[in-house]
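File shown: coords_34.cif. Contents: mmCIF, C-alpha atoms.
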```cif
data_entry
#
loop_
_atom_site.label_atom_id
_atom_site.label_comp_id
_atom_site.auth_asym_id
_atom_site.auth_seq_id
_atom_site.Cartn_x
_atom_site.Cartn_y
_atom_site.Cartn_z
CA MET A 171 103.97 93.25 108.63
CA LYS A 172 103.42 89.55 108.11
CA ARG A 173 106.06 89.37 105.35
CA ARG A 174 108.63 91.31 107.38
CA SER A 175 108.08 89.17 110.49
CA ILE A 176 108.55 85.93 108.57
CA LEU A 177 111.78 87.10 106.99
CA ILE A 178 113.29 88.56 110.15
CA GLY A 179 112.40 85.37 112.03
CA ALA A 180 114.16 83.23 109.43
CA ALA A 181 117.26 85.43 109.48
CA GLY A 182 117.33 85.51 113.29
CA THR A 183 117.25 81.74 113.42
CA ALA A 184 120.17 81.50 111.01
CA LEU A 185 122.28 84.03 112.94
CA ALA A 186 121.41 82.78 116.43
CA THR A 187 122.58 79.27 115.68
CA GLY A 188 126.05 80.58 114.82
CA GLY A 189 128.53 77.82 114.15
CA ALA A 190 125.97 75.18 115.03
CA GLY A 191 123.94 76.39 112.07
CA LEU A 192 126.57 74.97 109.77
CA LEU A 193 125.57 71.51 110.93
CA TRP A 194 122.08 71.86 109.45
CA LYS A 195 122.72 74.42 106.76
CA PRO A 196 120.58 73.43 103.73
CA ARG A 197 122.21 71.69 100.80
CA VAL A 198 121.91 72.90 97.24
CA GLU A 199 118.68 71.33 96.00
CA GLY A 200 117.64 73.14 92.85
CA LYS A 201 117.84 71.51 89.43
CA PRO A 202 116.67 72.48 85.93
CA HIS A 203 113.37 71.25 84.54
CA ASN A 204 113.53 67.58 83.56
CA PRO A 205 112.67 66.67 79.92
CA TYR A 206 108.94 66.33 80.74
CA PHE A 207 108.60 69.84 82.15
CA SER A 208 111.06 71.34 79.68
CA ALA A 209 108.76 70.20 76.89
CA LEU A 210 105.74 71.67 78.68
CA ASN A 211 107.63 74.92 79.19
CA GLU A 212 108.34 75.21 75.47
CA MET A 213 104.76 74.23 74.61
CA LEU A 214 103.34 76.99 76.80
CA LYS A 215 105.79 79.63 75.62
CA GLN A 216 104.66 78.89 72.08
CA ASP A 217 100.93 78.17 72.52
CA GLY A 218 99.97 79.17 76.07
CA PRO A 219 97.90 82.24 77.03
CA GLY A 220 100.66 83.89 79.09
CA ARG A 221 98.88 83.48 82.45
CA PRO A 222 98.55 80.76 85.08
CA VAL A 223 96.84 77.70 83.61
CA MET A 224 95.75 74.25 84.71
CA LEU A 225 97.19 71.45 82.59
CA ILE A 226 95.71 67.97 82.18
CA ASP A 227 97.94 65.18 80.85
CA LEU A 228 95.65 63.01 78.69
CA ASP A 229 97.96 60.00 78.53
CA ARG A 230 98.36 59.96 82.29
CA ILE A 231 94.66 60.32 83.08
CA ASN A 232 93.92 57.48 80.67
CA SER A 233 96.35 55.28 82.57
CA ASN A 234 94.78 56.32 85.89
CA ILE A 235 91.23 55.72 84.67
CA ASP A 236 92.18 52.23 83.54
CA LEU A 237 93.74 51.47 86.94
CA ILE A 238 90.67 52.68 88.84
CA ALA A 239 88.15 50.93 86.58
CA GLY A 240 90.22 47.74 86.73
CA SER A 241 90.31 47.89 90.52
CA VAL A 242 86.52 48.30 90.71
CA GLY A 243 86.06 45.35 88.36
CA PRO A 244 83.11 44.33 86.18
CA GLU A 245 80.85 43.22 89.03
CA LYS A 246 80.63 46.66 90.64
CA THR A 247 79.78 50.17 89.46
CA TYR A 248 82.49 52.80 89.24
CA ARG A 249 80.95 56.12 90.31
CA VAL A 250 82.88 59.23 89.21
CA VAL A 251 83.14 62.02 91.81
CA VAL A 252 82.20 65.27 90.06
CA LYS A 253 83.66 67.77 92.56
CA SER A 254 87.12 66.35 91.91
CA LEU A 255 86.79 66.57 88.11
CA PRO A 256 84.69 69.74 87.62
CA SER A 257 84.56 70.00 83.83
CA VAL A 258 81.97 68.58 81.43
CA PRO A 259 84.53 67.47 78.77
CA LEU A 260 86.75 65.96 81.47
CA LEU A 261 83.82 64.03 82.91
CA GLN A 262 82.78 62.90 79.43
CA HIS A 263 86.29 61.61 78.83
CA VAL A 264 86.41 59.71 82.13
CA MET A 265 82.91 58.26 81.79
CA GLN A 266 83.48 57.09 78.22
CA ARG A 267 86.82 55.45 78.96
CA ALA A 268 85.58 53.84 82.20
CA ARG A 269 82.24 52.86 80.61
CA THR A 270 80.13 54.27 83.42
CA GLN A 271 77.11 56.56 83.73
CA ALA A 272 77.30 56.81 87.52
CA LEU A 273 78.25 60.14 89.12
CA MET A 274 78.55 61.46 92.66
CA VAL A 275 77.56 65.13 92.97
CA PHE A 276 78.13 67.51 95.90
CA HIS A 277 76.92 70.90 94.65
CA GLN A 278 73.50 72.02 93.40
CA PRO A 279 74.78 74.07 90.42
CA PHE A 280 76.88 71.09 89.34
CA LEU A 281 73.82 68.85 89.55
CA ASN A 282 71.89 71.20 87.27
CA THR A 283 74.79 71.17 84.81
CA ILE A 284 74.70 67.37 84.86
CA ALA A 285 70.95 67.44 84.21
CA GLU A 286 71.54 69.61 81.14
CA THR A 287 74.49 67.70 79.68
CA PHE A 288 74.31 64.07 80.86
CA PRO A 289 70.68 62.90 80.47
CA GLU A 290 71.59 59.26 81.17
CA ALA A 291 73.66 59.88 84.30
CA ASP A 292 72.66 58.27 87.60
CA CYS A 293 73.58 60.81 90.29
CA LEU A 294 74.14 59.95 93.92
CA ILE A 295 74.26 63.12 96.02
CA GLY A 296 77.42 63.02 98.14
CA LYS A 297 76.15 65.00 101.13
CA PRO A 298 72.75 65.89 102.58
CA MET A 299 71.43 68.98 100.81
CA PRO A 300 69.39 71.80 102.35
CA VAL A 301 65.78 71.79 101.21
CA SER A 302 66.22 75.12 99.42
CA ALA A 303 69.00 73.63 97.27
CA ILE A 304 66.75 70.72 96.28
CA GLU A 305 63.93 73.06 95.36
CA THR A 306 66.33 75.18 93.30
CA PHE A 307 67.49 72.08 91.45
CA PHE A 308 63.97 70.95 90.57
CA ARG A 309 62.92 74.40 89.39
CA LYS A 310 65.96 74.74 87.15
CA ALA A 311 65.72 71.17 85.83
CA VAL A 312 62.27 71.82 84.37
CA GLY A 313 62.49 71.61 80.57
CA THR A 314 65.59 69.43 80.46
CA ARG A 315 65.55 65.86 79.18
CA TYR A 316 66.80 64.68 82.55
CA ASP A 317 64.54 62.30 84.46
CA SER A 318 65.12 63.85 87.89
CA GLU A 319 62.79 61.50 89.73
CA ASN A 320 64.54 58.34 88.55
CA LYS A 321 68.11 59.55 88.04
CA VAL A 322 68.93 61.26 91.36
CA GLN A 323 69.54 59.55 94.70
CA TRP A 324 69.16 62.03 97.58
CA LEU A 325 71.30 61.42 100.65
CA ILE A 326 69.57 61.23 104.04
CA ASP A 327 71.45 61.38 107.34
CA THR A 328 68.71 61.88 109.96
CA PRO A 329 65.00 61.25 110.54
CA ALA A 330 64.40 65.02 110.44
CA ARG A 331 66.03 65.27 107.02
CA LEU A 332 63.84 62.47 105.72
CA GLN A 333 60.73 64.34 106.85
CA GLN A 334 62.00 67.50 105.14
CA TYR A 335 62.52 65.67 101.87
CA LEU A 336 59.12 64.00 102.14
CA ALA A 337 57.57 67.47 102.42
CA VAL A 338 59.47 68.57 99.28
CA ALA A 339 58.28 65.50 97.38
CA LYS A 340 54.67 66.21 98.36
CA ARG A 341 55.00 69.89 97.49
CA PHE A 342 56.36 69.14 94.03
CA GLY A 343 54.15 66.11 93.49
CA ILE A 344 57.11 63.85 92.79
CA ARG A 345 58.78 60.67 94.01
CA MET A 346 62.30 60.98 95.42
CA ARG A 347 64.88 58.19 95.56
CA ILE A 348 66.44 58.01 99.02
CA ASN A 349 69.93 56.79 99.84
CA PHE A 350 70.83 56.55 103.53
CA GLU A 351 74.20 57.78 104.76
CA ILE A 352 75.46 55.28 107.31
CA ASP A 353 78.27 55.85 109.82
CA VAL A 354 80.87 53.13 109.25
CA GLY A 355 83.50 54.76 111.46
CA LEU A 356 84.14 58.25 110.12
CA HIS A 357 81.72 59.69 112.70
CA ARG A 358 80.84 62.66 110.49
CA GLY A 359 77.13 61.92 110.80
CA GLY A 360 74.70 59.57 109.19
CA ILE A 361 72.65 56.67 110.53
CA PRO A 362 74.53 55.67 113.71
CA GLU A 363 73.61 51.97 113.87
CA PRO A 364 71.64 49.39 111.90
CA ALA A 365 68.69 49.44 114.31
CA ALA A 366 68.14 53.14 113.54
CA LEU A 367 67.29 52.24 109.94
CA ALA A 368 64.05 50.43 110.75
CA PRO A 369 61.86 53.48 111.55
CA LEU A 370 63.22 55.32 108.50
CA LEU A 371 62.35 52.41 106.23
CA LYS A 372 58.86 52.47 107.73
CA VAL A 373 58.47 56.14 106.71
CA ILE A 374 59.41 55.20 103.15
CA GLU A 375 56.98 52.29 103.15
CA GLU A 376 54.14 54.49 104.41
CA ASN A 377 54.87 57.15 101.77
CA SER A 378 55.75 54.98 98.80
CA GLN A 379 54.07 57.36 96.36
CA HIS A 380 56.66 60.02 97.30
CA LEU A 381 59.71 58.10 98.58
CA GLU A 382 61.68 55.12 97.30
CA LEU A 383 64.71 53.44 98.87
CA SER A 384 67.64 53.48 96.45
CA GLY A 385 70.49 52.35 98.69
CA LEU A 386 73.14 53.06 101.31
CA MET A 387 76.37 55.05 101.40
CA GLY A 388 79.18 54.40 103.88
CA TYR A 389 82.25 56.62 103.48
CA GLU A 390 85.46 55.52 105.23
CA PRO A 391 88.42 57.86 104.56
CA HIS A 392 89.68 57.17 108.08
CA LEU A 393 91.21 54.02 106.53
CA SER A 394 93.38 56.09 104.16
CA GLY A 395 96.68 56.07 106.01
CA MET A 396 96.62 52.44 107.12
CA GLN A 397 97.92 50.71 103.99
CA ALA A 398 94.95 48.49 104.70
CA ALA A 399 93.82 45.30 103.02
CA LEU A 400 90.61 43.29 103.52
CA THR A 401 92.27 41.45 106.42
CA HIS A 402 92.97 44.66 108.36
CA PRO A 403 90.89 44.86 111.59
CA GLU A 404 89.64 48.36 110.80
CA VAL A 405 88.52 47.31 107.32
CA LYS A 406 86.73 44.30 108.82
CA LYS A 407 85.01 46.65 111.27
CA VAL A 408 83.80 48.91 108.42
CA LEU A 409 82.47 45.96 106.44
CA ASP A 410 80.80 44.44 109.49
CA ILE A 411 78.95 47.69 110.19
CA TYR A 412 77.96 48.00 106.54
CA SER A 413 76.77 44.39 106.46
CA GLY A 414 74.63 45.05 109.54
CA HIS A 415 72.78 47.82 107.73
CA ILE A 416 72.34 45.64 104.65
CA ALA A 417 70.81 42.93 106.84
CA VAL A 418 68.21 45.39 108.16
CA VAL A 419 67.34 46.51 104.64
CA LYS A 420 67.08 42.90 103.48
CA GLY A 421 64.91 42.05 106.46
CA ALA A 422 62.54 44.83 105.42
CA GLY A 423 61.97 43.07 102.10
CA TYR A 424 64.47 44.80 99.83
CA ASP A 425 66.85 42.98 97.50
CA PRO A 426 70.35 44.39 98.18
CA ALA A 427 71.47 43.48 94.66
CA ARG A 428 68.97 46.00 93.29
CA LEU A 429 70.20 48.83 95.53
CA THR A 430 73.16 51.19 95.29
CA LEU A 431 75.52 50.13 98.08
CA ASN A 432 78.12 52.85 97.80
CA GLY A 433 81.42 53.36 99.56
CA ALA A 434 85.12 54.09 99.18
CA GLY A 435 86.93 57.01 97.58
CA SER A 436 90.18 57.37 95.70
CA HIS A 437 92.25 56.66 98.83
CA THR A 438 90.51 53.40 99.71
CA LEU A 439 88.85 52.04 96.56
CA GLY A 440 91.70 49.59 95.99
CA ILE A 441 90.88 47.78 99.24
CA TYR A 442 87.64 46.29 97.94
CA GLN A 443 88.62 44.68 94.65
CA HIS A 444 87.86 41.21 96.00
CA ASP A 445 85.01 42.09 98.37
CA ALA A 446 81.29 41.96 97.54
CA THR A 447 79.78 43.95 100.43
CA MET A 448 79.50 47.17 98.42
CA ASN A 449 78.51 47.15 94.75
CA ASP A 450 79.20 50.82 93.97
CA LEU A 451 82.62 52.44 94.52
CA ALA A 452 83.41 56.14 94.10
CA ALA A 453 86.61 57.89 93.04
CA GLY A 454 87.52 61.18 91.39
CA SER A 455 90.84 62.63 92.50
CA GLY A 456 92.69 59.42 91.67
CA VAL A 457 92.14 60.24 88.00
CA VAL A 458 94.39 63.31 88.25
CA LYS A 459 96.28 62.51 91.50
CA PRO A 460 97.04 65.79 93.32
CA THR A 461 99.59 65.63 96.14
CA ASP A 462 97.10 64.79 98.89
CA PHE A 463 96.54 61.54 97.02
CA ASP A 464 100.13 60.31 97.09
CA THR A 465 98.84 57.41 99.17
CA TYR A 466 99.31 53.67 99.38
CA HIS A 467 96.47 52.46 97.17
CA LEU A 468 97.28 55.03 94.48
CA THR A 469 100.98 54.21 94.19
CA ASP A 470 100.66 53.23 90.54
CA ASN A 471 98.55 56.27 89.58
CA LEU A 472 100.45 59.13 87.94
CA PRO A 473 100.25 62.86 88.70
CA ALA A 474 98.22 64.23 85.78
CA VAL A 475 97.22 67.78 86.76
CA PHE A 476 99.61 70.73 87.03
CA ILE A 477 99.48 74.46 87.50
CA ALA A 478 101.83 76.26 85.11
CA THR A 479 102.62 79.90 85.75
CA PRO A 480 104.90 82.34 83.89
CA ILE A 481 107.96 83.98 85.44
CA LEU A 482 107.55 87.77 85.48
CA LYS A 483 110.87 88.88 87.02
CA ARG A 484 114.33 87.49 87.73
CA TYR A 485 117.03 88.77 90.09
CA GLU A 486 120.56 87.50 90.71
CA GLU A 487 120.34 88.09 94.45
CA LEU A 488 117.76 87.84 97.18
CA LYS A 489 115.66 90.95 97.71
CA VAL A 490 113.24 91.26 100.62
CA PRO A 491 110.64 93.87 101.56
CA GLY A 492 111.79 96.64 103.86
CA ASP A 493 114.81 95.41 105.81
CA LEU A 494 117.41 94.75 103.10
CA TRP A 495 119.99 93.59 105.68
CA VAL A 496 117.95 90.41 106.14
CA ALA A 497 118.77 89.18 102.64
CA GLN A 498 122.50 88.63 103.18
CA PRO A 499 122.32 86.12 106.09
CA LEU A 500 119.38 84.33 104.46
CA GLN A 501 121.13 83.70 101.16
CA TRP A 502 124.38 82.83 102.94
CA TRP A 503 122.61 80.30 105.12
CA ASN A 504 120.46 78.78 102.36
CA PRO A 505 122.06 78.25 98.92
CA ASN A 506 118.55 77.70 97.53
CA MET A 507 117.79 81.41 98.11
CA ARG A 508 120.47 82.91 95.84
CA ARG A 509 118.36 83.57 92.78
CA LEU A 510 114.95 85.24 92.98
CA TYR A 511 111.98 84.93 90.65
CA TYR A 512 108.53 86.49 90.80
CA ILE A 513 105.82 84.30 89.34
CA TYR A 514 102.44 85.32 87.96
CA GLY A 515 99.96 84.77 90.81
CA GLY A 516 100.31 82.31 93.66
CA TYR A 517 98.86 81.36 97.04
CA TRP A 518 97.21 78.32 95.53
CA LYS A 519 96.70 75.03 97.35
CA ALA A 520 99.70 73.64 95.50
CA LYS A 521 103.38 72.73 95.81
CA ILE A 522 106.16 73.69 93.39
CA ILE A 523 107.18 70.55 91.53
CA SER A 524 109.50 71.98 88.88
CA PRO A 525 112.18 73.18 88.91
CA PRO A 526 112.80 70.44 91.49
CA GLY A 527 114.26 71.41 94.84
CA THR A 528 112.58 74.84 94.81
CA PRO A 529 111.61 76.07 98.30
CA ASP A 530 108.16 77.40 99.08
CA PRO A 531 107.69 81.11 98.24
CA ILE A 532 109.26 83.57 100.71
CA TYR A 533 105.75 84.85 101.32
CA GLN A 534 102.43 84.10 99.66
CA SER A 535 100.80 86.52 97.26
CA THR A 536 97.86 86.06 94.93
CA ASN A 537 99.43 88.68 92.64
CA GLN A 538 103.18 87.98 92.38
CA SER A 539 104.76 85.33 94.60
CA PRO A 540 108.54 85.51 95.23
CA VAL A 541 110.24 82.17 94.60
CA THR A 542 113.92 81.58 95.34
CA THR A 543 116.20 78.95 93.84
CA SER A 544 119.83 77.94 93.82
CA ARG A 545 122.02 79.09 90.94
CA ASN A 546 121.57 75.65 89.39
CA VAL A 547 118.18 76.89 88.18
CA ASP A 548 118.57 79.14 85.16
CA LEU A 549 115.06 80.01 84.00
CA GLN A 550 114.34 83.27 82.23
CA VAL A 551 111.49 85.75 82.27
CA ASP A 552 108.49 84.22 80.38
CA ASP A 553 109.61 80.68 81.18
CA TYR A 554 107.18 78.68 83.33
CA MET A 555 107.30 77.13 86.76
CA PHE A 556 105.06 74.14 87.54
CA LEU A 557 103.10 73.22 90.65
CA ARG A 558 101.06 70.19 91.70
CA PRO A 559 97.75 71.02 93.36
CA THR A 560 97.25 69.49 96.78
CA GLN A 561 93.67 68.71 95.73
CA SER A 562 91.71 68.93 92.51
CA GLU A 563 88.33 70.13 93.81
CA HIS A 564 88.18 73.91 94.14
CA VAL A 565 91.72 74.40 92.76
CA MET A 566 90.70 73.29 89.26
CA LEU A 567 88.02 76.00 89.27
CA GLN A 568 90.52 78.86 89.65
CA PHE A 569 92.14 78.96 86.21
CA GLY A 570 89.40 79.06 83.60
CA ASP A 571 89.52 76.47 80.83
CA LEU A 572 91.67 73.40 81.46
CA LEU A 573 94.37 72.78 78.87
CA ALA A 574 94.33 69.11 77.91
CA PHE A 575 97.65 68.07 76.36
CA ARG A 576 99.30 65.00 74.97
CA GLY A 577 103.08 64.86 74.69
CA SER A 578 104.02 68.50 74.11
CA GLU A 579 100.87 69.56 72.26
CA ILE A 580 97.72 71.20 73.61
CA ILE A 581 94.89 69.07 72.24
CA GLU A 582 91.78 70.79 73.63
CA THR A 583 90.59 73.44 76.04
CA TRP A 584 87.99 72.11 78.48
CA PRO A 585 85.60 74.58 80.20
CA ILE A 586 85.11 74.22 83.94
CA PHE A 587 81.82 74.13 85.83
CA GLN A 588 80.23 77.32 87.05
CA GLN A 589 79.93 77.45 90.84
CA SER A 590 76.59 79.27 90.84
CA GLY A 591 73.45 78.87 88.85
#
```
Will you turn the file into structure tokens for me?
Amino acid sequence: MKRRSILIGAAGTALATGGAGLLWKPRVEGKPHNPYFSALNEMLKQDGPGRPVMLIDLDRINSNIDLIAGSVGPEKTYRVVVKSLPSVPLLQHVMQRARTQALMVFHQPFLNTIAETFPEADCLIGKPMPVSAIETFFRKAVGTRYDSENKVQWLIDTPARLQQYLAVAKRFGIRMRINFEIDVGLHRGGIPEPAALAPLLKVIEENSQHLELSGLMGYEPHLSGMQAALTHPEVKKVLDIYSGHIAVVKGAGYDPARLTLNGAGSHTLGIYQHDATMNDLAAGSGVVKPTDFDTYHLTDNLPAVFIATPILKRYEELKVPGDLWVAQPLQWWNPNMRRLYYIYGGYWKAKIISPPGTPDPIYQSTNQSPVTTSRNVDLQVDDYMFLRPTQSEHVMLQFGDLLAFRGSEIIETWPIFQQSG
């Protein structure tokens, strides 16, 4: 019913507008694959597995890594966000090229994978974890070479959470490193004001055998759409709030230079190149640049991750479910609906990027999505269409091994993280 309603609604709109519809009738938009995607199409027809795959362009991610690491600079730590790059070989590649051992982790199974494969990694947890997740991590980390007590910074957002973690530390007979989430304007939680830090620091001081202050984290994605620089009033406000928390920590006897003072993300990391308030900046998605990251501070980063999916069927006219009469006004009104393809799979958080000018699917299907084009597009069954994910986290986990390529050659297959364990 949903498919039929969408199609009838579209046709009704075209017919109801009558002659006025001619004024906004869509232009022919479709074009063939450009040389870049034509080469990928031939590569996959020859060496691909014949199913939807996630492609990683090695040359482009290298360029993006260099831009990010250069923006962070040598005086600060670049912390790689694991959820945005959920593959051990991909993380290894990024960490080696960026010369960093710092990771930000958001998921307990991922943290256990890190403990097994990256014994030197310093992990800052990106969100407050339930106590049961922490206990699961410690139980599963037993027997690894990973120094969990000294390599993990646990994020605390409330006094109650700190007491919970203290109880875990006592129960396991361990010492936990504590990083405080501070609210610098996102208002998603965390320590609301600098004065609220003082009693929490006292708890740490009174339980120093089980708790240790490791730093602060202030996330500020609300700055993303502002094309902001250090002189922007909202940026100044973020840094003033952060500085207020640092002053409280310093007043309690801690040396800020020895703490992890984390902030930023791919959208905003470029703001702080010449600022010294934070010494630890995080980014992940900027390495592969999905569409949600086509933002001001990532202008020079290149899209480096693509979904490629085979074409299963091709028709020379529009066909629609049920009411066949709908097809004629639709393809008359829109010249980009005059050739019909069914692709393998669909309904991903992604946008068709090639062939260019291709409209969104008529309706979404996880099995076979119908994609229309103009007659300028002349792909055949078993050719590929290409999509850019809107985000990398979650979407990169849907296709099995990542196919890392250079030029028009698949170099390696990179396994993805398991979401449970």
Handout entry: the PyMOL selection byres ((chain A and resi 484) around 7) applied to the shown file, residues as number ranges by chain
Key = A: 483, 485-486, 510-512, 550-551
Exercise. Find the spatial neighbours of Lys246 of chain A, counting all atoms listed in the file, within a cut-off of 8 Å - ignore same-chain residues fewer than 5 positions away - and output them as a ChimeraX atom specification.
Key: /A:448-451
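Shortest separation to Val223 of chain A among A:Val419, A:Arg508, A:His564, A:Met555 occurs at residue A:Met555, atoms counted being all atoms listed in the file.
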From atom CA of Gly570 of chain A to atom CA of Phe587 of chain A the spacing works out at 9.3 Å
Carefully work through the PyMOL selection byres ((chain A and resi 422-438) around 7) for this structure and note down the residues it includes, as a PyMOL selection string. chain A and resi 384-391+393-394+416+418-421+439-441+448-456+463+465+467-468
- [ ] Enumerate, as a PyMOL selection string, the protein, DNA and RNA residues whose atoms approach (79.1, 64.9, 99.4) to within 10 Å, taking into account only C-alpha atoms and the coordinate frame of the file.
- [x] chain A and resi 251-253+274-277+294-299+325+389
- Would you list the contacts of Ile523 of chain A as a list of chain:residue names, taking every protein, DNA or RNA residue within 7 Å and counting only C-alpha atoms, but skipping same-chain residues closer than 5 positions in sequence?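 Answer for this query is A:Phe556, A:Leu557, A:Arg558.
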- [ ] Please measure the separation of atom CA of Tyr206 of chain A and atom CA of Asp552 of chain A, giving the value in Å to one decimal.
- [x]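 Atom-to-atom, atom CA of Tyr206 of chain A to atom CA of Asp552 of chain A, that is 17.9 Å.
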I'd like the interatomic distance between atom CA of Pro499 of chain A and atom CA of Lys195 of chain A, to a tenth of an Å.
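Result for atom CA of Pro499 of chain A versus atom CA of Lys195 of chain A: 11.7 Å, one decimal.
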Taking all atoms listed in the file into account, name the residue in A:Pro585, A:Gly343, A:Pro362, A:Gly240 that is nearest to Met566 of chain A.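 Comparing A:Pro585, A:Gly343, A:Pro362, A:Gly240 against Met566 of chain A, the winner is A:Pro585.
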Given the PyMOL selection byres ((chain A and resi 226) around 7) and the file above, list the residues it selects as an mmCIF file with C-alpha atoms, in the frame of the given file.
```
data_model
loop_
_atom_site.group_PDB
_atom_site.id
_atom_site.type_symbol
_atom_site.label_atom_id
_atom_site.label_comp_id
_atom_site.auth_asym_id
_atom_site.auth_seq_id
_atom_site.Cartn_x
_atom_site.Cartn_y
_atom_site.Cartn_z
ATOM 1 C CA MET A 224 95.750 74.250 84.710
ATOM 2 C CA LEU A 225 97.190 71.450 82.590
ATOM 3 C CA ASP A 227 97.940 65.180 80.850
ATOM 4 C CA LEU A 228 95.650 63.010 78.690
ATOM 5 C CA ALA A 474 98.220 64.230 85.780
ATOM 6 C CA VAL A 475 97.220 67.780 86.760
ATOM 7 C CA PHE A 476 99.610 70.730 87.030
ATOM 8 C CA LEU A 572 91.670 73.400 81.460
ATOM 9 C CA LEU A 573 94.370 72.780 78.870
ATOM 10 C CA ALA A 574 94.330 69.110 77.910
ATOM 11 C CA PHE A 575 97.650 68.070 76.360
#
```
Near His380 of chain A, counting only C-alpha atoms, which residues have an atom at most 8 Å away, once you skip same-chain residues fewer than 3 positions from it, shown as a PyMOL selection string?
chain A and resi 336+339-340+343-346+377
Nearest to Leu255 of chain A, restricted to all atoms listed in the file and choosing among A:Asp317, A:Glu286, A:Asp571, A:Glu563, comes out as A:Glu563
### Query
Within 6 Å of Ile348 of chain A, counting only C-alpha atoms, which residues qualify if same-chain residues fewer than 3 places away don't, as a list in words?
Gln323, Trp324, Glu382, Leu383 and Ser384 of chain A
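Comparing the minimum interatomic distances between Pro473 of chain A and each of A:Lys459, A:Asp530, A:Glu305, A:Glu290, counting all atoms listed in the file, we find that A:Lys459 sits nearest.
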Practice item. Find the residues near Thr314 of chain A: any atom within 8 Å, counting all atoms listed in the file, skip ones fewer than 2 places away on the same chain, and give them as a PyMOL selection string. Key: chain A and resi 285-286+311-312+316
- prompt: Which of these, A:Leu549, A:Ile586, A:Gln334, A:Ile581, has the shortest distance to Gly200 of chain A once you count all atoms listed in the file?
  reply: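 With all atoms listed in the file as the atom set, the closest residue is A:Leu549.
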Could you work out an axis-aligned box for segment 359-376 of chain A, taking every atom the file lists and adding 8 Å on each side, and report centre and edge lengths in Å to one decimal, as lines of an AutoDock Vina configuration file?
```
center_x = 65.6
center_y = 55.7
center_z = 108.7
size_x = 39.0
size_y = 28.5
size_z = 27.2
```
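Considering the residues A:Tyr514, A:Tyr412, A:Phe288, A:Tyr466 and counting only C-alpha atoms, Gly395 of chain A has its shortest atom-to-atom contact with A:Tyr466.
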